[in-house]
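Participant: So here's my_file-v6.cif (mmCIF, C-alpha atoms).
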```cif
data_structure
#
loop_
_atom_site.label_atom_id
_atom_site.label_comp_id
_atom_site.auth_asym_id
_atom_site.auth_seq_id
_atom_site.Cartn_x
_atom_site.Cartn_y
_atom_site.Cartn_z
CA LEU H 223 -37.50 209.34 99.84
CA LEU H 224 -40.36 207.07 98.86
CA ILE H 225 -43.20 207.17 101.41
CA ILE H 226 -45.40 204.09 101.47
CA ASP H 227 -48.65 204.21 103.45
CA ILE H 228 -49.33 200.63 104.47
CA PRO H 229 -53.08 199.91 104.43
CA THR H 230 -54.88 197.29 106.50
CA ILE H 231 -53.74 194.03 104.94
CA GLY H 232 -55.87 190.95 105.36
CA ASP H 233 -54.96 187.35 104.66
CA ASN H 234 -57.11 187.37 101.55
CA ARG H 235 -56.89 188.02 97.82
CA ASN H 236 -57.09 191.79 98.22
CA GLY H 237 -54.41 191.72 100.89
CA TYR H 238 -52.00 189.98 98.53
CA ARG H 239 -52.78 192.44 95.73
CA GLN H 240 -51.94 195.27 98.12
CA LEU H 241 -48.66 193.63 99.14
CA PHE H 242 -47.58 193.12 95.53
CA SER H 243 -48.54 196.70 94.71
CA ILE H 244 -46.26 197.89 97.54
CA TRP H 245 -43.49 195.66 96.15
CA ARG H 246 -43.95 197.25 92.69
CA GLN H 247 -43.75 200.79 94.06
CA VAL H 248 -40.60 200.00 96.05
CA THR H 249 -38.99 198.21 93.10
CA GLU H 250 -39.83 200.89 90.54
CA HIS H 251 -38.51 203.77 92.69
CA PRO H 252 -34.91 203.06 93.71
CA ALA H 253 -34.91 205.49 96.67
CA ASP H 254 -34.81 205.19 100.45
CA VAL H 255 -38.19 204.05 101.81
CA LEU H 256 -40.36 205.19 104.71
CA PHE H 257 -43.19 202.86 105.74
CA ARG H 258 -46.10 204.61 107.51
CA PHE H 259 -49.02 202.91 109.19
CA ARG H 260 -51.63 205.65 109.66
CA ARG H 261 -54.09 203.77 107.41
CA CYS H 262 -53.25 200.34 108.81
CA ARG H 263 -55.65 198.91 111.37
CA VAL H 264 -54.16 195.43 111.48
CA LEU H 265 -51.46 193.26 109.90
CA HIS H 266 -51.44 189.49 109.76
CA GLN H 267 -48.65 186.95 109.32
CA ASN H 268 -48.64 187.39 105.53
CA GLY H 269 -48.19 191.17 105.75
CA VAL H 270 -45.50 190.96 108.43
CA ALA H 271 -43.44 188.34 106.56
CA PHE H 272 -43.77 190.16 103.23
CA ILE H 273 -43.12 193.74 104.40
CA GLY H 274 -40.30 192.61 106.70
CA GLY H 275 -38.69 190.65 103.89
CA LEU H 276 -39.16 193.51 101.44
CA ALA H 277 -37.48 195.92 103.89
CA LYS H 278 -34.50 193.57 104.21
CA GLU H 279 -34.36 193.25 100.42
CA VAL H 280 -34.32 197.06 100.09
CA GLU H 281 -31.48 197.24 102.64
CA ARG H 282 -29.58 194.60 100.70
CA ASN H 283 -29.71 196.99 97.74
CA ARG H 284 -27.91 199.63 99.86
CA ARG H 285 -31.01 201.74 100.36
CA ASN H 286 -32.23 202.92 103.74
CA VAL H 287 -35.53 201.80 105.23
CA PHE H 288 -37.40 203.73 107.90
CA PHE H 289 -40.50 202.76 109.85
CA ASP H 290 -42.78 205.39 111.37
CA TRP H 291 -43.56 203.45 114.54
CA GLU H 292 -45.43 206.48 115.95
CA SER H 293 -48.00 206.18 113.17
CA MET H 294 -49.15 202.78 114.43
CA ASN H 295 -52.26 202.37 116.55
CA PRO H 296 -51.56 200.88 120.02
CA VAL H 297 -52.83 197.41 119.09
CA LEU H 298 -50.66 197.19 115.98
CA SER H 299 -47.70 198.67 117.82
CA GLY H 300 -47.98 196.02 120.55
CA PHE H 301 -48.33 193.30 117.93
CA VAL H 302 -45.12 194.19 116.08
CA GLN H 303 -43.24 194.58 119.37
CA ARG H 304 -44.28 191.09 120.45
CA ASN H 305 -43.77 189.27 117.18
CA GLY H 306 -40.19 190.33 116.48
CA PHE H 307 -41.00 192.52 113.48
CA GLY H 308 -40.33 195.76 115.36
CA PRO H 309 -37.10 194.54 116.98
CA ALA H 310 -35.82 193.35 113.57
CA PHE H 311 -35.86 197.03 112.54
CA GLY H 312 -34.83 198.78 115.75
CA PHE H 313 -38.17 199.13 117.55
CA PRO H 314 -38.03 197.79 121.13
CA GLY H 315 -39.51 194.34 121.66
CA VAL H 316 -41.77 193.07 124.42
CA ALA H 317 -42.38 189.51 125.58
CA GLY H 318 -45.50 187.72 124.39
CA THR H 319 -46.79 184.49 122.97
CA CYS H 320 -46.74 184.58 119.21
CA ILE H 321 -45.12 183.01 116.18
CA PRO H 322 -42.42 185.58 115.46
CA PHE H 323 -41.08 187.18 112.31
CA ARG H 324 -37.78 185.55 111.38
CA GLN H 325 -35.16 185.72 108.66
CA HIS H 326 -33.59 182.35 107.95
CA ALA H 327 -30.37 181.80 106.03
CA SER H 328 -29.81 178.67 103.99
CA THR H 329 -26.71 178.06 106.10
CA ASP H 330 -28.80 177.49 109.23
CA PRO H 331 -31.25 174.65 108.47
CA ASN H 332 -31.40 173.64 112.14
CA GLY H 333 -32.59 177.16 112.97
CA VAL H 334 -35.60 176.63 110.68
CA ILE H 335 -36.39 173.28 112.31
CA LYS H 336 -36.19 174.82 115.77
CA TYR H 337 -38.48 177.66 114.67
CA LEU H 338 -41.08 175.21 113.34
CA GLN H 339 -40.87 172.91 116.38
CA GLU H 340 -40.85 175.56 119.08
CA GLN H 341 -42.47 178.65 117.63
CA TRP H 342 -44.96 177.34 115.06
CA LEU H 343 -46.09 174.06 116.63
CA GLY H 344 -44.72 174.48 120.15
CA HIS H 345 -47.17 176.84 121.84
CA GLY H 346 -49.69 174.16 122.73
CA TRP H 347 -52.32 175.40 120.26
CA VAL H 348 -52.41 171.95 118.75
CA SER H 349 -51.88 168.68 120.56
CA LEU H 350 -49.41 166.45 118.71
CA SER H 351 -47.25 163.48 119.62
CA ALA H 352 -43.52 164.09 119.22
CA ALA H 353 -43.40 161.68 116.26
CA LEU H 354 -46.26 163.43 114.47
CA ARG H 355 -44.82 166.85 115.18
CA GLU H 356 -41.49 165.81 113.59
CA ALA H 357 -43.34 164.34 110.59
CA ILE H 358 -45.19 167.63 110.04
CA VAL H 359 -42.02 169.68 110.54
CA ALA H 360 -40.25 167.50 107.94
CA ARG H 361 -42.98 168.28 105.42
CA VAL H 362 -43.04 172.03 106.06
CA TRP H 363 -39.22 172.04 105.87
CA GLU H 364 -39.66 170.99 102.23
CA LEU H 365 -41.09 174.47 101.55
CA TYR H 366 -38.00 176.11 103.03
CA THR H 367 -35.55 173.86 101.22
CA ASN H 368 -37.42 174.61 98.02
CA ALA H 369 -36.97 178.33 98.67
CA PHE H 370 -33.29 177.96 99.59
CA GLU H 371 -32.41 175.70 96.67
CA HIS H 372 -34.44 177.28 93.92
CA SER H 373 -34.85 180.97 94.68
CA GLU H 374 -31.14 181.86 94.22
CA SER H 375 -31.74 184.64 96.74
CA SER H 376 -28.77 185.68 98.86
CA ILE H 377 -30.81 186.87 101.85
CA GLY H 378 -32.72 183.68 102.54
CA THR H 379 -36.34 183.46 103.59
CA PHE H 380 -38.69 185.43 105.83
CA SER H 381 -41.37 183.80 107.96
CA CYS H 382 -44.13 184.79 110.29
CA GLY H 383 -46.98 182.78 111.75
CA GLU H 384 -50.28 183.45 113.45
CA TYR H 385 -52.82 181.43 115.40
CA TYR H 386 -56.44 182.26 114.50
CA GLU H 387 -58.03 181.20 117.75
CA HIS H 388 -61.72 181.43 116.81
CA ARG H 389 -61.25 179.16 113.77
CA ARG H 390 -58.46 177.07 115.32
CA LEU H 391 -56.20 177.66 112.32
CA LEU H 392 -52.45 177.87 112.52
CA LYS H 393 -50.94 179.81 109.63
CA LEU H 394 -47.40 180.29 108.42
CA THR H 395 -46.14 182.54 105.64
CA ILE H 396 -42.73 182.01 104.05
CA VAL H 397 -41.39 184.58 101.57
CA ASP H 398 -38.30 184.81 99.43
CA PHE H 399 -37.36 187.42 96.86
CA GLY H 400 -35.66 185.07 94.44
CA VAL H 401 -36.35 184.07 90.87
CA GLY H 402 -39.67 182.29 91.45
CA ILE H 403 -40.74 178.82 90.42
CA PRO H 404 -42.15 179.64 86.93
CA GLU H 405 -38.90 181.37 85.92
CA LYS H 406 -36.90 178.46 87.25
CA VAL H 407 -38.93 176.01 85.17
CA ARG H 408 -38.66 178.22 82.07
CA ALA H 409 -34.88 178.42 82.44
CA PHE H 410 -34.67 174.66 83.00
CA ALA H 411 -36.76 173.93 79.90
CA ARG H 412 -35.07 176.74 77.96
CA LEU H 413 -38.45 177.99 76.89
CA LYS H 414 -39.40 181.51 77.96
CA GLY H 415 -43.02 181.33 76.90
CA ILE H 416 -44.27 178.65 79.27
CA PRO H 417 -47.33 180.08 81.04
CA ALA H 418 -46.94 180.36 84.81
CA ASP H 419 -49.85 178.04 85.57
CA VAL H 420 -48.35 175.30 83.35
CA ALA H 421 -44.93 175.77 84.97
CA LEU H 422 -46.36 175.62 88.49
CA ARG H 423 -48.48 172.57 87.75
CA TRP H 424 -45.38 170.81 86.42
CA ALA H 425 -43.33 171.80 89.49
CA PHE H 426 -46.04 170.40 91.78
CA THR H 427 -46.04 167.02 90.07
CA ARG H 428 -44.29 164.14 91.80
CA GLY H 429 -40.81 163.46 90.43
CA LYS H 430 -40.46 166.74 88.53
CA THR H 431 -37.34 168.65 89.42
CA THR H 432 -35.22 171.48 88.06
CA LYS H 433 -32.15 170.05 89.75
CA LYS H 434 -29.13 169.47 87.52
CA GLU H 435 -28.84 166.26 85.50
CA GLY H 436 -28.13 163.23 87.67
CA THR H 437 -29.73 164.59 90.86
CA VAL H 438 -32.94 162.99 92.06
CA GLY H 439 -35.65 165.26 93.45
CA GLY H 440 -39.21 166.40 93.00
CA LEU H 441 -40.91 164.82 96.01
CA GLY H 442 -41.01 167.69 98.49
CA LEU H 443 -44.00 169.64 97.17
CA ASP H 444 -45.89 166.40 96.63
CA LEU H 445 -45.44 165.52 100.31
CA VAL H 446 -46.64 168.97 101.35
CA LYS H 447 -49.74 168.57 99.17
CA GLU H 448 -50.48 165.23 100.79
CA PHE H 449 -50.16 166.77 104.23
CA ILE H 450 -52.64 169.49 103.26
CA ARG H 451 -55.10 166.89 101.98
CA LEU H 452 -54.87 164.87 105.21
CA ASN H 453 -55.23 167.95 107.38
CA ARG H 454 -57.96 169.51 105.21
CA GLY H 455 -55.88 172.65 105.41
CA ALA H 456 -54.82 174.95 102.60
CA LEU H 457 -51.69 175.94 100.74
CA GLN H 458 -51.45 179.06 98.64
CA ILE H 459 -48.32 179.83 96.65
CA PHE H 460 -47.70 183.06 94.75
CA SER H 461 -44.58 182.60 92.66
CA GLY H 462 -43.55 184.98 89.91
CA ASP H 463 -46.58 185.46 87.70
CA GLY H 464 -48.30 182.31 88.90
CA ARG H 465 -50.46 181.18 91.79
CA ALA H 466 -51.22 177.72 93.10
CA VAL H 467 -54.02 176.89 95.51
CA VAL H 468 -54.12 173.46 97.14
CA THR H 469 -56.93 172.50 99.49
CA GLY H 470 -58.12 169.23 100.98
CA THR H 471 -60.06 168.47 97.81
CA SER H 472 -58.62 170.48 94.95
CA GLU H 473 -55.52 171.80 93.26
CA THR H 474 -55.74 174.86 91.00
CA TYR H 475 -53.18 176.91 89.11
CA TYR H 476 -53.52 180.44 87.78
CA VAL H 477 -51.66 183.12 85.84
CA GLU H 478 -51.60 186.31 87.93
CA GLU H 479 -51.55 189.85 86.60
CA GLU H 480 -50.55 191.50 89.90
CA HIS H 481 -47.45 189.67 91.07
CA PHE H 482 -43.93 190.06 92.46
CA PHE H 483 -40.52 188.55 91.76
CA GLY H 484 -40.13 185.85 94.34
CA THR H 485 -42.27 183.28 96.09
CA LEU H 486 -44.76 183.61 98.92
CA VAL H 487 -46.10 180.45 100.51
CA ASN H 488 -49.03 180.62 102.91
CA ILE H 489 -49.86 177.38 104.69
CA THR H 490 -52.98 176.89 106.80
CA PHE H 491 -52.96 174.06 109.32
CA ARG H 492 -56.21 172.98 110.94
CA CYS H 493 -55.81 172.35 114.68
CA ASP H 494 -58.64 169.84 114.94
CA ASP H 495 -56.88 167.00 116.75
CA ARG H 496 -57.36 164.71 113.78
CA HIS H 497 -55.13 161.69 113.64
CA TYR H 498 -52.77 161.68 110.71
CA PHE H 499 -51.38 158.60 109.12
CA PHE H 500 -47.95 159.12 107.62
CA ALA H 501 -47.09 155.46 107.26
CA SER H 502 -45.62 153.50 104.39
CA GLU H 503 -48.10 151.59 102.27
CA LYS H 504 -45.42 149.00 101.60
CA PRO H 505 -45.66 145.84 103.77
CA SER H 506 -42.89 145.82 106.36
CA ASP H 507 -41.36 142.60 104.98
CA ALA H 508 -41.32 143.78 101.34
CA ALA H 509 -37.99 144.55 99.64
CA LEU H 510 -37.25 148.28 99.84
CA PHE H 511 -35.29 148.56 96.57
CA MET C 31 -20.95 147.36 109.62
CA LYS C 32 -23.20 149.85 111.47
CA ILE C 33 -23.61 153.52 110.61
CA ASP C 34 -25.05 155.69 113.39
CA VAL C 35 -26.89 158.40 111.44
CA LYS C 36 -27.28 160.72 114.44
CA ASP C 37 -23.53 160.58 115.10
CA LEU C 38 -22.74 161.23 111.46
CA CYS C 39 -25.33 163.89 110.59
CA GLY C 40 -27.03 165.05 113.81
CA GLU C 41 -30.63 164.71 114.89
CA ASN C 42 -32.04 166.66 111.95
CA CYS C 43 -31.31 164.89 108.67
CA ILE C 44 -32.72 167.37 106.21
CA THR C 45 -30.04 168.64 103.81
CA MET C 46 -28.43 167.28 100.67
CA ASP C 47 -24.96 167.86 102.13
CA ASP C 48 -25.67 165.61 105.12
CA GLY C 49 -27.24 163.09 102.77
CA LEU C 50 -24.07 162.98 100.70
CA LYS C 51 -22.09 162.25 103.89
CA LEU C 52 -24.30 159.25 104.60
CA ASN C 53 -24.17 158.17 100.96
CA GLN C 54 -20.36 158.14 101.16
CA ALA C 55 -20.42 156.10 104.37
CA ILE C 56 -22.85 153.57 102.87
CA ASN C 57 -20.75 153.32 99.71
CA ASP C 58 -17.65 152.70 101.81
CA GLY C 59 -19.39 149.83 103.62
CA LEU C 60 -20.87 148.29 100.49
CA GLY C 61 -17.48 148.62 98.79
CA HIS C 62 -16.02 146.37 101.47
CA LYS C 63 -18.54 143.68 100.53
CA VAL C 64 -20.14 143.69 103.99
CA ALA C 65 -23.72 144.16 105.13
CA VAL C 66 -24.44 147.73 106.18
CA ASP C 67 -26.90 148.63 108.95
CA VAL C 68 -28.01 152.27 108.80
CA ASP C 69 -29.33 153.13 112.26
CA PHE C 70 -31.66 156.14 112.66
CA GLU C 71 -31.98 155.88 116.45
CA GLY C 72 -32.18 159.36 118.01
CA VAL C 73 -32.86 161.09 114.69
CA ALA C 74 -35.82 163.49 114.89
CA VAL C 75 -36.54 165.03 111.50
CA VAL C 76 -35.80 163.41 108.14
CA ALA C 77 -36.57 165.10 104.82
CA THR C 78 -36.34 164.28 101.12
CA PRO C 79 -33.22 166.32 100.19
CA PHE C 80 -31.31 164.18 102.69
CA LEU C 81 -32.79 160.85 101.61
CA ASN C 82 -32.47 161.66 97.89
CA ALA C 83 -28.75 162.23 98.33
CA ALA C 84 -28.11 159.46 100.85
CA VAL C 85 -30.28 156.66 99.47
CA GLY C 86 -31.80 157.74 96.13
CA ARG C 87 -28.33 158.03 94.57
CA LEU C 88 -27.52 154.46 95.57
CA LEU C 89 -29.86 153.26 92.82
CA ASN C 90 -27.40 154.74 90.32
CA GLN C 91 -24.44 153.20 92.13
CA TRP C 92 -25.57 149.67 93.05
CA SER C 93 -28.07 147.13 91.79
CA ALA C 94 -31.42 146.85 93.60
CA ASP C 95 -30.52 143.24 94.33
CA ASP C 96 -27.25 144.24 96.04
CA LEU C 97 -29.04 146.89 98.10
CA ASN C 98 -31.86 144.55 99.16
CA ARG C 99 -29.36 141.91 100.28
CA ARG C 100 -26.81 144.06 102.05
CA LEU C 101 -28.36 147.33 103.18
CA ASN C 102 -30.62 147.46 106.24
CA PHE C 103 -32.35 150.39 107.92
CA LYS C 104 -32.92 150.33 111.68
CA HIS C 105 -35.16 152.44 113.92
CA LEU C 106 -37.01 154.17 111.10
CA SER C 107 -40.18 155.91 112.27
CA PRO C 108 -43.30 155.05 110.22
CA ALA C 109 -43.26 158.56 108.76
CA THR C 110 -39.60 158.29 107.74
CA LYS C 111 -40.13 154.86 106.23
CA ASP C 112 -43.00 156.33 104.22
CA ILE C 113 -40.72 159.06 102.82
CA LEU C 114 -37.90 156.56 102.23
CA THR C 115 -40.07 154.23 100.12
CA ARG C 116 -41.22 157.19 98.02
CA VAL C 117 -37.63 158.38 97.58
CA ILE C 118 -36.60 154.91 96.41
CA ASP C 119 -39.55 154.58 94.00
CA ASN C 120 -38.87 158.09 92.66
CA ALA C 121 -35.14 157.36 92.20
CA LYS C 122 -35.92 154.13 90.34
CA ALA C 123 -38.24 156.02 88.00
CA TYR C 124 -35.71 158.83 87.58
CA TYR C 125 -32.74 156.63 86.70
CA SER C 126 -34.77 154.45 84.37
CA ASN C 127 -36.05 157.50 82.51
CA SER C 128 -32.62 158.78 81.44
CA GLY C 129 -32.79 161.76 83.74
CA SER C 130 -33.87 165.30 83.28
CA ALA C 131 -33.51 165.45 79.50
CA LYS C 132 -36.60 163.32 79.13
CA LYS C 133 -38.40 165.46 81.69
CA ILE C 134 -37.75 168.60 79.60
CA ASP C 135 -39.26 166.82 76.61
CA GLU C 136 -42.32 166.10 78.68
CA ILE C 137 -42.75 169.78 79.53
CA LEU C 138 -42.43 170.79 75.93
CA ALA C 139 -44.87 168.14 74.79
CA ARG C 140 -47.46 169.13 77.36
CA TYR C 141 -47.02 172.83 76.63
CA SER C 142 -47.36 172.41 72.88
CA ASP C 143 -50.49 170.28 73.32
CA GLU C 144 -52.34 173.15 75.02
#
```
Give the structure from this file in structure tokens form.
Facilitator:
Amino acid sequence: LLIIDIPTIGDNRNGYRQLFSIWRQVTEHPADVLFRFRRCRVLHQNGVAFIGGLAKEVERNRRNVFFDWESMNPVLSGFVQRNGFGPAFGFPGVAGTCIPFRQHASTDPNGVIKYLQEQWLGHGWVSLSAALREAIVARVWELYTNAFEHSESSIGTFSCGEYYEHRRLLKLTIVDFGVGIPEKVRAFARLKGIPADVALRWAFTRGKTTKKEGTVGGLGLDLVKEFIRLNRGALQIFSGDGRAVVTGTSETYYVEEEHFFGTLVNITFRCDDRHYFFASEKPSDAALF
Amino acid sequence: MKIDVKDLCGENCITMDDGLKLNQAINDGLGHKVAVDVDFEGVAVVATPFLNAAVGRLLNQWSADDLNRRLNFKHLSPATKDILTRVIDNAKAYYSNSGSAKKIDEILARYSDE
């Protein structure tokens, strides 16, 4: 039995290093796993999505996963009971307003849309018209479809969100344990040595796609980037041995030493009641084709 | 000929599979030499995998002139029209660039330059 003591995991660089270190321990020791929380003061949406997804991945490999719910402090215990993480692993749930932990299969795209509409954007933390809400959902869906189409993972994606009230930020983490974007690009180009930052930069460029010959693609991530720029939010993607950081004003790509096999996307949406303008620049009477 | 997108694909038009259904329906209409009205009334969410398959592929199947003359889109939200114009521009660029083989060359060129 592999015992993992989960530390306090923040939504910051150190928090991600800790998550990937846990992934490495679990991957390198093919035993049943017990997660303990004696050293964990708090978890955020990134920790919940990642640890929940990792536990499901371990179960998929026919290993048992145990959670020591008794080792949680009362605040953390209440949090995981409300947000669906506990109930996903046999701990009783309680009602509460939160953006829950969810596993989404590629066969249920409407389930993802419902989650984004009702759970992520639907709690009244941000005031949006129906049209704008659907436009934002369509852009965030691009992150899911990217994970479903490119990860080649059989267990789908794992999500959890959180509203940071004092800063009026709405966050969402999406994790898959698939092949990762850099590996996908390397396989597509048939060149193993492409550095992760080069591969990620290419994948984030409009019109670039690893879809098979004859299939158009490569717009989804570009639309997400535009949304982040308009919102002055942030997008952080850890994928394989690469990391991409997109903010309202910059776009940076890195090679990461501490990493995991899969992709974690963390999107930060600023609830500042700004008006967005997702409208075509083409005059309405211009020929479309 | 009118195609009701919500009837055909539901109110969320987000997947490639649904896009291929619409592409087939549009091709059927255009094949009968009639004008085709694609009506998005009642559709909530539209994403690029759907539009790439439904509309982007048409650029490889019909001339731009044919499509401009005989294919009309109704009840597109401003946000969907924005995505649609990008999908069309991207498809034009893709099909005029001889597809992914050229894109692989671009990766290799960029990589070897660094």
Participant: Return the padded bounding box of range 67-74 of chain C as JSON: axis-aligned, built from all atoms listed in the file, 6 Å added on each side, with centre and edge lengths in Å to one decimal.
Facilitator:
```
{"center_x": -31.4, "center_y": 156.1, "center_z": 113.4, "size_x": 20.9, "size_y": 26.9, "size_z": 21.2}
```
Participant: Which value, in Å to one decimal, gives the distance between CA of Leu452 in chain H and CA of Trp363 in chain H?
Facilitator: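 A separation of 17.2 Å between them.
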Participant: What are the closest atom pairs, with distances in Å to one decimal, for all residues of chain C lying within 8 Å of chain H? Consider all atoms listed in the file, order rows by chain and residue number, and present the result as a tab-separated table.
Facilitator:
```
residue	atom	partner	partner_atom	distance
C:Asn42	CA	H:Asn332	CA	7.0
C:Ile44	CA	H:Ala360	CA	7.7
C:Thr45	CA	H:Pro331	CA	7.7
C:Ala74	CA	H:Glu356	CA	6.3
C:Val75	CA	H:Glu356	CA	5.4
C:Val76	CA	H:Ala360	CA	6.0
C:Ala77	CA	H:Ala360	CA	5.4
C:Thr78	CA	H:Gly442	CA	6.4
C:Pro79	CA	H:Gly439	CA	7.2
C:Asn82	CA	H:Val438	CA	6.0
C:Ala83	CA	H:Val438	CA	7.6
C:Gly86	CA	H:Val438	CA	6.7
C:Arg87	CA	H:Val438	CA	7.2
C:Ala94	CA	H:Phe511	CA	5.2
C:Asp95	CA	H:Phe511	CA	7.5
C:Leu97	CA	H:Phe511	CA	6.6
C:Asn98	CA	H:Phe511	CA	5.9
C:Ser107	CA	H:Ala353	CA	7.7
C:Pro108	CA	H:Ala501	CA	4.8
C:Ala109	CA	H:Phe500	CA	4.9
C:Thr110	CA	H:Ala357	CA	7.7
C:Lys111	CA	H:Ser502	CA	5.9
C:Asp112	CA	H:Ser502	CA	3.9
C:Ile113	CA	H:Ser502	CA	7.6
C:Thr115	CA	H:Leu510	CA	6.6
C:Arg116	CA	H:Leu441	CA	7.9
C:Val117	CA	H:Leu441	CA	7.4
C:Ile118	CA	H:Phe511	CA	6.5
C:Asp119	CA	H:Phe511	CA	7.8
C:Asn120	CA	H:Gly429	CA	6.1
C:Ala121	CA	H:Val438	CA	6.0
C:Tyr124	CA	H:Val438	CA	6.7
C:Gly129	CA	H:Glu435	CA	6.2
C:Ser130	CA	H:Glu435	CA	5.6
C:Ala131	CA	H:Glu435	CA	7.6
C:Lys133	CA	H:Lys430	CA	7.3
C:Ile134	CA	H:Ala411	CA	5.4
C:Ile137	CA	H:Ala411	CA	7.3
C:Leu138	CA	H:Ala411	CA	7.6
C:Tyr141	CA	H:Ile416	CA	7.0
```
Participant: Could you list the residues chosen by the PyMOL selection byres ((chain H and resi 482-488) around 7) in this structure as a list in words?
Facilitator: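 Listing what the PyMOL selection byres ((chain H and resi 482-488) around 7) selects in the shown file: Phe242, Trp245, Leu394, Thr395, Ile396, Val397, Asp398, Phe399, Gly400, Val401, Gly402, Leu457, Gln458, Ile459, Phe460, Ser461, Gly462, His481, Ile489 and Thr490 of chain H.
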Participant: Can you translate the PyMOL selection byres ((chain H and resi 317) around 9) into the concrete residues it hits in this file, as a short mmCIF file (atom, residue, chain, number, x, y, z; two decimals) with C-alpha atoms, in the frame of the given file?
Facilitator:
```cif
data_model
loop_
_atom_site.label_atom_id
_atom_site.label_comp_id
_atom_site.auth_asym_id
_atom_site.auth_seq_id
_atom_site.Cartn_x
_atom_site.Cartn_y
_atom_site.Cartn_z
CA GLN H 303 -43.24 194.58 119.37
CA ARG H 304 -44.28 191.09 120.45
CA ASN H 305 -43.77 189.27 117.18
CA GLY H 315 -39.51 194.34 121.66
CA VAL H 316 -41.77 193.07 124.42
CA GLY H 318 -45.50 187.72 124.39
CA THR H 319 -46.79 184.49 122.97
#
```
Participant: What residues come out when you apply the PyMOL selection byres ((chain H and resi 255) around 6) to this file, written as a PyMOL selection string?
Facilitator: chain H and resi 223-225+254+256+287
Participant: List every protein, DNA or RNA residue with an atom no more than 12 Å from (-40.5, 190.1, 113.0) in the file's coordinates, counting only C-alpha atoms, and format the result as an mmCIF file with C-alpha atoms, in the coordinates of the input.
Facilitator:
```cif
data_model
loop_
_atom_site.group_PDB
_atom_site.id
_atom_site.type_symbol
_atom_site.label_atom_id
_atom_site.label_comp_id
_atom_site.auth_asym_id
_atom_site.auth_seq_id
_atom_site.Cartn_x
_atom_site.Cartn_y
_atom_site.Cartn_z
ATOM 1 C CA LEU H 265 -51.460 193.260 109.900
ATOM 2 C CA HIS H 266 -51.440 189.490 109.760
ATOM 3 C CA GLN H 267 -48.650 186.950 109.320
ATOM 4 C CA ASN H 268 -48.640 187.390 105.530
ATOM 5 C CA GLY H 269 -48.190 191.170 105.750
ATOM 6 C CA VAL H 270 -45.500 190.960 108.430
ATOM 7 C CA ALA H 271 -43.440 188.340 106.560
ATOM 8 C CA PHE H 272 -43.770 190.160 103.230
ATOM 9 C CA ILE H 273 -43.120 193.740 104.400
ATOM 10 C CA GLY H 274 -40.300 192.610 106.700
ATOM 11 C CA GLY H 275 -38.690 190.650 103.890
ATOM 12 C CA ALA H 277 -37.480 195.920 103.890
ATOM 13 C CA LYS H 278 -34.500 193.570 104.210
ATOM 14 C CA PHE H 301 -48.330 193.300 117.930
ATOM 15 C CA VAL H 302 -45.120 194.190 116.080
ATOM 16 C CA GLN H 303 -43.240 194.580 119.370
ATOM 17 C CA ARG H 304 -44.280 191.090 120.450
ATOM 18 C CA ASN H 305 -43.770 189.270 117.180
ATOM 19 C CA GLY H 306 -40.190 190.330 116.480
ATOM 20 C CA PHE H 307 -41.000 192.520 113.480
ATOM 21 C CA GLY H 308 -40.330 195.760 115.360
ATOM 22 C CA PRO H 309 -37.100 194.540 116.980
ATOM 23 C CA ALA H 310 -35.820 193.350 113.570
ATOM 24 C CA PHE H 311 -35.860 197.030 112.540
ATOM 25 C CA GLY H 312 -34.830 198.780 115.750
ATOM 26 C CA PHE H 313 -38.170 199.130 117.550
ATOM 27 C CA PRO H 314 -38.030 197.790 121.130
ATOM 28 C CA GLY H 315 -39.510 194.340 121.660
ATOM 29 C CA VAL H 316 -41.770 193.070 124.420
ATOM 30 C CA CYS H 320 -46.740 184.580 119.210
ATOM 31 C CA ILE H 321 -45.120 183.010 116.180
ATOM 32 C CA PRO H 322 -42.420 185.580 115.460
ATOM 33 C CA PHE H 323 -41.080 187.180 112.310
ATOM 34 C CA ARG H 324 -37.780 185.550 111.380
ATOM 35 C CA GLN H 325 -35.160 185.720 108.660
ATOM 36 C CA HIS H 326 -33.590 182.350 107.950
ATOM 37 C CA PHE H 380 -38.690 185.430 105.830
ATOM 38 C CA SER H 381 -41.370 183.800 107.960
ATOM 39 C CA CYS H 382 -44.130 184.790 110.290
ATOM 40 C CA GLY H 383 -46.980 182.780 111.750
ATOM 41 C CA GLU H 384 -50.280 183.450 113.450
ATOM 42 C CA THR H 395 -46.140 182.540 105.640
#
```
